[in-house]
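File shown: run06.txt. Contents: compact mmCIF, C-alpha atoms.
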# COMPACT_ATOMS: atom_id res chain seq x y z
CA MET A 7 109.00 -122.15 -121.62
CA ILE A 8 111.69 -120.40 -119.64
CA ARG A 9 110.43 -116.96 -120.71
CA VAL A 10 106.90 -117.59 -119.47
CA ASP A 11 108.02 -119.34 -116.28
CA HIS A 12 110.39 -116.46 -115.52
CA ALA A 13 107.53 -114.02 -116.04
CA GLY A 14 105.21 -116.06 -113.83
CA GLU A 15 107.67 -116.30 -110.98
CA TYR A 16 108.39 -112.59 -111.32
CA GLY A 17 104.67 -111.85 -111.09
CA ALA A 18 104.29 -114.16 -108.08
CA ALA A 19 107.13 -112.42 -106.25
CA ARG A 20 105.44 -109.08 -106.92
CA ILE A 21 102.05 -110.39 -105.67
CA TYR A 22 103.62 -111.41 -102.35
CA ALA A 23 105.42 -108.06 -102.14
CA GLY A 24 102.06 -106.32 -102.51
CA GLN A 25 100.39 -108.57 -99.95
CA LEU A 26 103.18 -108.08 -97.44
CA ALA A 27 103.10 -104.31 -97.93
CA VAL A 28 99.56 -104.43 -96.54
CA LEU A 29 99.64 -107.45 -94.22
CA ARG A 30 103.23 -107.26 -92.90
CA ASN A 31 102.04 -107.25 -89.25
CA SER A 32 99.09 -109.62 -89.62
CA GLY A 33 98.62 -113.19 -88.52
CA SER A 34 99.27 -114.24 -92.14
CA ALA A 35 102.62 -112.46 -92.44
CA ALA A 36 104.81 -115.46 -91.58
CA ALA A 37 103.05 -117.68 -94.13
CA LEU A 38 103.25 -114.93 -96.75
CA ARG A 39 106.97 -114.44 -96.10
CA HIS A 40 107.58 -118.20 -96.42
CA MET A 41 105.77 -118.31 -99.77
CA ARG A 42 107.49 -115.11 -100.94
CA ASP A 43 110.89 -116.57 -100.12
CA GLN A 44 110.18 -119.72 -102.13
CA GLU A 45 108.90 -117.65 -105.07
CA GLN A 46 112.08 -115.56 -104.90
CA ALA A 47 114.16 -118.75 -105.09
CA HIS A 48 112.12 -119.82 -108.13
CA LEU A 49 112.67 -116.41 -109.72
CA ASP A 50 116.40 -116.53 -109.00
CA THR A 51 116.58 -119.92 -110.73
CA PHE A 52 114.77 -118.65 -113.82
CA ASN A 53 116.85 -115.46 -113.81
CA SER A 54 119.92 -117.69 -114.13
CA MET A 55 118.32 -119.81 -116.86
CA VAL A 56 117.39 -116.71 -118.87
CA VAL A 57 121.07 -115.71 -118.90
CA GLU A 58 122.56 -119.19 -119.36
CA ARG A 59 120.21 -120.14 -122.20
CA HIS A 60 120.10 -116.70 -123.84
CA VAL A 61 116.32 -116.44 -123.46
CA ARG A 62 114.74 -113.06 -124.04
CA PRO A 63 112.52 -112.16 -121.06
CA THR A 64 108.99 -111.11 -121.84
CA ALA A 65 108.60 -107.52 -122.92
CA LEU A 66 105.75 -107.33 -120.42
CA LEU A 67 107.89 -107.43 -117.25
CA PRO A 68 107.19 -103.73 -116.50
CA LEU A 69 103.45 -104.47 -116.66
CA TRP A 70 103.79 -107.58 -114.47
CA HIS A 71 105.82 -105.49 -112.01
CA ILE A 72 102.91 -103.13 -111.49
CA ALA A 73 100.04 -105.59 -111.99
CA GLY A 74 101.50 -108.22 -109.65
CA PHE A 75 102.06 -105.75 -106.82
CA ALA A 76 98.63 -104.21 -107.35
CA LEU A 77 96.90 -107.61 -107.30
CA GLY A 78 98.69 -108.51 -104.09
CA ALA A 79 97.98 -105.18 -102.40
CA VAL A 80 94.32 -105.05 -103.45
CA THR A 81 93.55 -108.60 -102.34
CA ALA A 82 95.40 -107.99 -99.05
CA ALA A 83 93.41 -104.78 -98.51
CA MET A 84 90.29 -106.93 -98.88
CA GLY A 85 91.55 -108.98 -95.93
CA GLN A 86 93.76 -111.93 -95.09
CA ARG A 87 91.27 -114.43 -96.48
CA ALA A 88 91.08 -112.63 -99.82
CA ALA A 89 94.89 -112.54 -100.00
CA MET A 90 94.90 -116.29 -99.43
CA ALA A 91 92.16 -116.74 -102.05
CA CYS A 92 94.46 -114.95 -104.49
CA THR A 93 97.17 -117.48 -103.66
CA VAL A 94 94.77 -120.37 -104.30
CA ALA A 95 93.82 -118.99 -107.72
CA VAL A 96 97.37 -118.21 -108.80
CA GLU A 97 98.79 -121.51 -107.59
CA ASP A 98 96.00 -123.58 -109.16
CA THR A 99 96.76 -121.92 -112.48
CA ILE A 100 100.51 -122.41 -112.13
CA ASP A 101 100.04 -126.04 -111.09
CA ALA A 102 98.10 -126.74 -114.30
CA HIS A 103 100.65 -124.77 -116.36
CA TYR A 104 103.64 -126.59 -114.88
CA THR A 105 101.89 -129.97 -115.25
CA ALA A 106 101.39 -129.32 -118.97
CA GLN A 107 105.03 -128.28 -119.35
CA ILE A 108 106.28 -131.41 -117.56
CA GLY A 109 104.26 -133.52 -119.99
CA ARG A 110 105.73 -131.72 -122.99
CA LEU A 111 109.31 -131.98 -121.73
CA GLY A 112 109.31 -135.71 -121.19
CA ASP A 113 112.89 -136.98 -121.00
CA THR A 114 114.37 -134.45 -123.43
CA GLU A 115 115.16 -131.76 -120.83
CA THR A 116 115.57 -133.68 -117.59
CA PRO A 117 117.19 -130.89 -115.52
CA LEU A 118 114.53 -128.37 -116.56
CA ARG A 119 111.75 -130.90 -115.99
CA ASP A 120 113.13 -131.73 -112.53
CA THR A 121 113.27 -128.03 -111.64
CA ILE A 122 109.70 -127.46 -112.79
CA GLU A 123 108.52 -130.54 -110.87
CA LYS A 124 110.16 -129.23 -107.68
CA PHE A 125 108.67 -125.79 -108.14
CA ARG A 126 105.25 -127.30 -108.92
CA ALA A 127 105.34 -129.16 -105.58
CA GLU A 128 106.13 -125.90 -103.79
CA GLU A 129 103.29 -124.12 -105.60
CA GLN A 130 100.94 -126.88 -104.42
CA GLU A 131 102.26 -126.31 -100.90
CA HIS A 132 101.39 -122.62 -101.21
CA ARG A 133 97.85 -123.47 -102.27
CA ASP A 134 97.52 -125.81 -99.29
CA ILE A 135 98.83 -123.13 -96.92
CA ALA A 136 96.29 -120.67 -98.33
CA ILE A 137 93.44 -123.13 -97.87
CA ALA A 138 94.58 -123.83 -94.31
CA ASN A 139 94.47 -120.05 -93.76
CA ASN A 140 90.77 -119.86 -94.63
CA ALA A 141 91.04 -118.78 -98.26
CA GLU A 142 87.74 -120.48 -99.07
CA GLN A 143 85.95 -118.29 -96.50
CA ALA A 144 86.90 -115.11 -98.37
CA LEU A 145 83.93 -113.02 -99.39
CA GLY A 146 83.14 -113.85 -103.02
CA PHE A 147 85.74 -116.65 -103.09
CA ARG A 148 84.46 -118.28 -106.29
CA LEU A 149 84.12 -115.02 -108.21
CA LEU A 150 87.44 -113.68 -106.94
CA THR A 151 89.39 -116.82 -107.77
CA ALA A 152 87.72 -117.19 -111.17
CA ALA A 153 88.71 -113.62 -112.08
CA ILE A 154 92.29 -114.12 -110.89
CA ARG A 155 92.63 -117.45 -112.72
CA THR A 156 91.42 -115.81 -115.92
CA GLY A 157 93.96 -113.02 -115.49
CA CYS A 158 96.74 -115.53 -114.85
CA ARG A 159 95.90 -117.55 -117.96
CA LEU A 160 95.89 -114.35 -120.02
CA ALA A 161 99.25 -113.32 -118.54
CA ILE A 162 100.69 -116.73 -119.46
CA ARG A 163 99.51 -116.45 -123.05
CA LEU A 164 100.77 -112.92 -123.45
CA SER A 165 104.14 -113.72 -121.88
CA GLU A 166 104.59 -116.68 -124.21
CA ARG A 167 104.13 -114.44 -127.23
CA LEU A 168 105.67 -111.11 -126.24
As structure tokens, please, write out the structure in this file.
Amino acid sequence: MIRVDHAGEYGAARIYAGQLAVLRNSGSAAALRHMRDQEQAHLDTFNSMVVERHVRPTALLPLWHIAGFALGAVTAAMGQRAAMACTVAVEDTIDAHYTAQIGRLGDTETPLRDTIEKFRAEEQEHRDIAIANNAEQALGFRLLTAAIRTGCRLAIRLSERL
């Protein structure tokens, strides 16, 4: 669980880095920086857990480093709405992933469950921010978000195993 969550938060931080590289002076920059800062706090938390619990990070971190930044930069190059559509797709996927983890943890790992619940609420906030920033008006919104969700689910599966 910690391995895949660490990988996901790493990828999310890289997506926002890519988006901000393109949109750093746009009307969306402040919202992107807010979401990036929260993702960085999530990543910092999982970085600590990886060390404290002796969890091996996914072997795919170098791939997520490049793929996350590229996804962020490409969607940002498509425009602010497409960047926000990317956020909707990623956060929807993470919300479902975290919800499933919370159900599996039950009362056995209360501190971890509480952390994931807090992060899940912040991911939902990111989705809401993206929707408020016209994500659903992005050209090809349904196709774009479906493709990104599929990629996120694949990244989760691969990070769980490798």
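With only C-alpha atoms taken into account, the protein and nucleic acid residues at most 12 Å from A:Ala102 (excluding it and anything under 4 positions from it in its own chain) are Ala95, Val96, Glu97, Asp98, Ala106, Gln107, Ile108, Gly109, Ile122, Glu123, Arg126, Ala127, Glu129, Gln130, Arg155, Cys158, Arg159 and Ile162 of chain A.
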Legend entry - Nearest to A:Met55 by atom-to-atom distance, counting all atoms listed in the file, from A:His12, A:His40, A:His71, A:Arg87: A:His12
Legend entry - Residue nearest A:Val57 among A:Leu168, A:Ile8, A:Ala89, A:Ile72 (counting only C-alpha atoms): A:Ile8
Legend entry - Point-to-point distance in Å for atom CA of A:Leu118 and atom CA of A:Val10: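 It comes out at 13.5 Å.
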Inset, instruction - Provide the atom CA of A:Ala76 to atom CA of A:Leu38 distance in Å, to one decimal place. - result: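 We find that atom CA of A:Ala76 and atom CA of A:Leu38 lie 15.8 Å from each other.
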Inset, instruction - Using all atoms listed in the file, pick whichever of A:Gly33, A:Thr114, A:Asp101, A:Gly85 has the shortest atom-to-atom distance to A:Gln143. - result: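 Looking at the shortest contact to A:Gln143, the residue is A:Gly85.
Computed from the coordinates, the atom CA of A:Leu26 to atom CA of A:Ala88 distance equals 13.1 Å.
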